Amino acid sequence: MFSLFLSPILYVLKLVIPAWIILRTGRALYLRHTNVLVYMKKESLLFLLIVYAGSVIAVTVAPASILGFNDPNAIRLNILPVINTTTYYLKTLHDHDDNAAMHALENIIGNLILLIPLGILLPCIFRSARSFKSVLAVCLICSFLIELIQFFLRQFGTFRTVDIDDLILNTIGGMFGWLIYATIIQRYFPGLMLK
């Protein structure tokens, strides 16, 4: 399953990483003449955030056919929280359809872990995003934007499912990320955070 996502991620990162390096190098050279210091920790964390954002965009916005998920019979829009996902997963278990059950479980787990890094990186990089509410708001907005983009892409022939459960699972994942930040990084690795 992971190999399906690797191709679009690598494609997007081939564009994102060189552009980022050129922009940040230009900025560093400019700041060198103004006597403003460039901090490697900040640059490294911002680079991680950009690589992560590029990967998320590749996985969530890339045409579904690239990932092998082009199913014209898939539900177009699910606005019933939890019911459709639970029903589908239980049906696959009842029908003893191991492939469908595994796909349903991978979908649930994938949506949960998608925004965990965002929940960790945001408070490490931005002092204003260290509260639970701030991270919750950003994760909710990011997840909503992903679903909105997928909704519009469906109008152009990509068979992406727009699902309220994805929004819920993504946001919960972001909150797990914030918990990792609050209980582990903030307590045991404060040096990873920008001042």
# chains A, B, ... in the order shown; residues from 1 in each chain; ligands from 1
call {"tool": "select_by_dssp", "arguments": {"residues": "segment 21-187 of chain A", "states": "strand (DSSP E or B)", "output": "PyMOL selection string"}}
result
chain A and resi 77-78+162-163
call {"tool": "write_last_selection", "arguments": {"atoms": "C-alpha atoms", "output": "mmCIF file, in the first residue's frame"}}
result
data_model
loop_
_atom_site.group_PDB
_atom_site.id
_atom_site.type_symbol
_atom_site.label_atom_id
_atom_site.label_comp_id
_atom_site.auth_asym_id
_atom_site.auth_seq_id
_atom_site.Cartn_x
_atom_site.Cartn_y
_atom_site.Cartn_z
ATOM 1 C CA LEU A 77 -20.065 12.561 -0.799
ATOM 2 C CA ASN A 78 -20.491 11.218 2.711
ATOM 3 C CA VAL A 162 -15.346 13.380 -0.030
ATOM 4 C CA ASP A 163 -16.004 12.088 3.455
#
call {"tool": "residues_around", "arguments": {"residues": "Leu15 of chain A", "least_positions_apart": "5", "cutoff": "10 Å", "atoms": "only C-alpha atoms", "output": "MDAnalysis selection string"}}
result
chainID A and resid 10 20 54
call {"tool": "residues_around", "arguments": {"residues": "Ala182 of chain A", "least_positions_apart": "2", "cutoff": "12 Å", "atoms": "only C-alpha atoms", "output": "list in words"}}
result
Gly119, Ile120, Leu121, Leu122, Pro123, Cys124, Ala129, Arg130, Ser131, Phe132, Val135, Met175, Phe176, Gly177, Trp178, Leu179, Ile180, Ile184, Ile185, Gln186, Arg187, Tyr188, Phe189, Pro190 and Met193 of chain A
call {"tool": "select_by_dssp", "arguments": {"residues": "chain A", "states": "helix (DSSP H, G or I)", "output": "ChimeraX atom specification"}}
result
/A:2-33,40-61,64-67,83-94,98-113,116-125,127-129,132-154,164-188,190-192
call {"tool": "closest_residue", "arguments": {"among": "A:Thr171, A:Thr158, A:Ser7, A:Thr25", "to": "Val61 of chain A", "atoms": "only C-alpha atoms"}}
result
A:Thr158
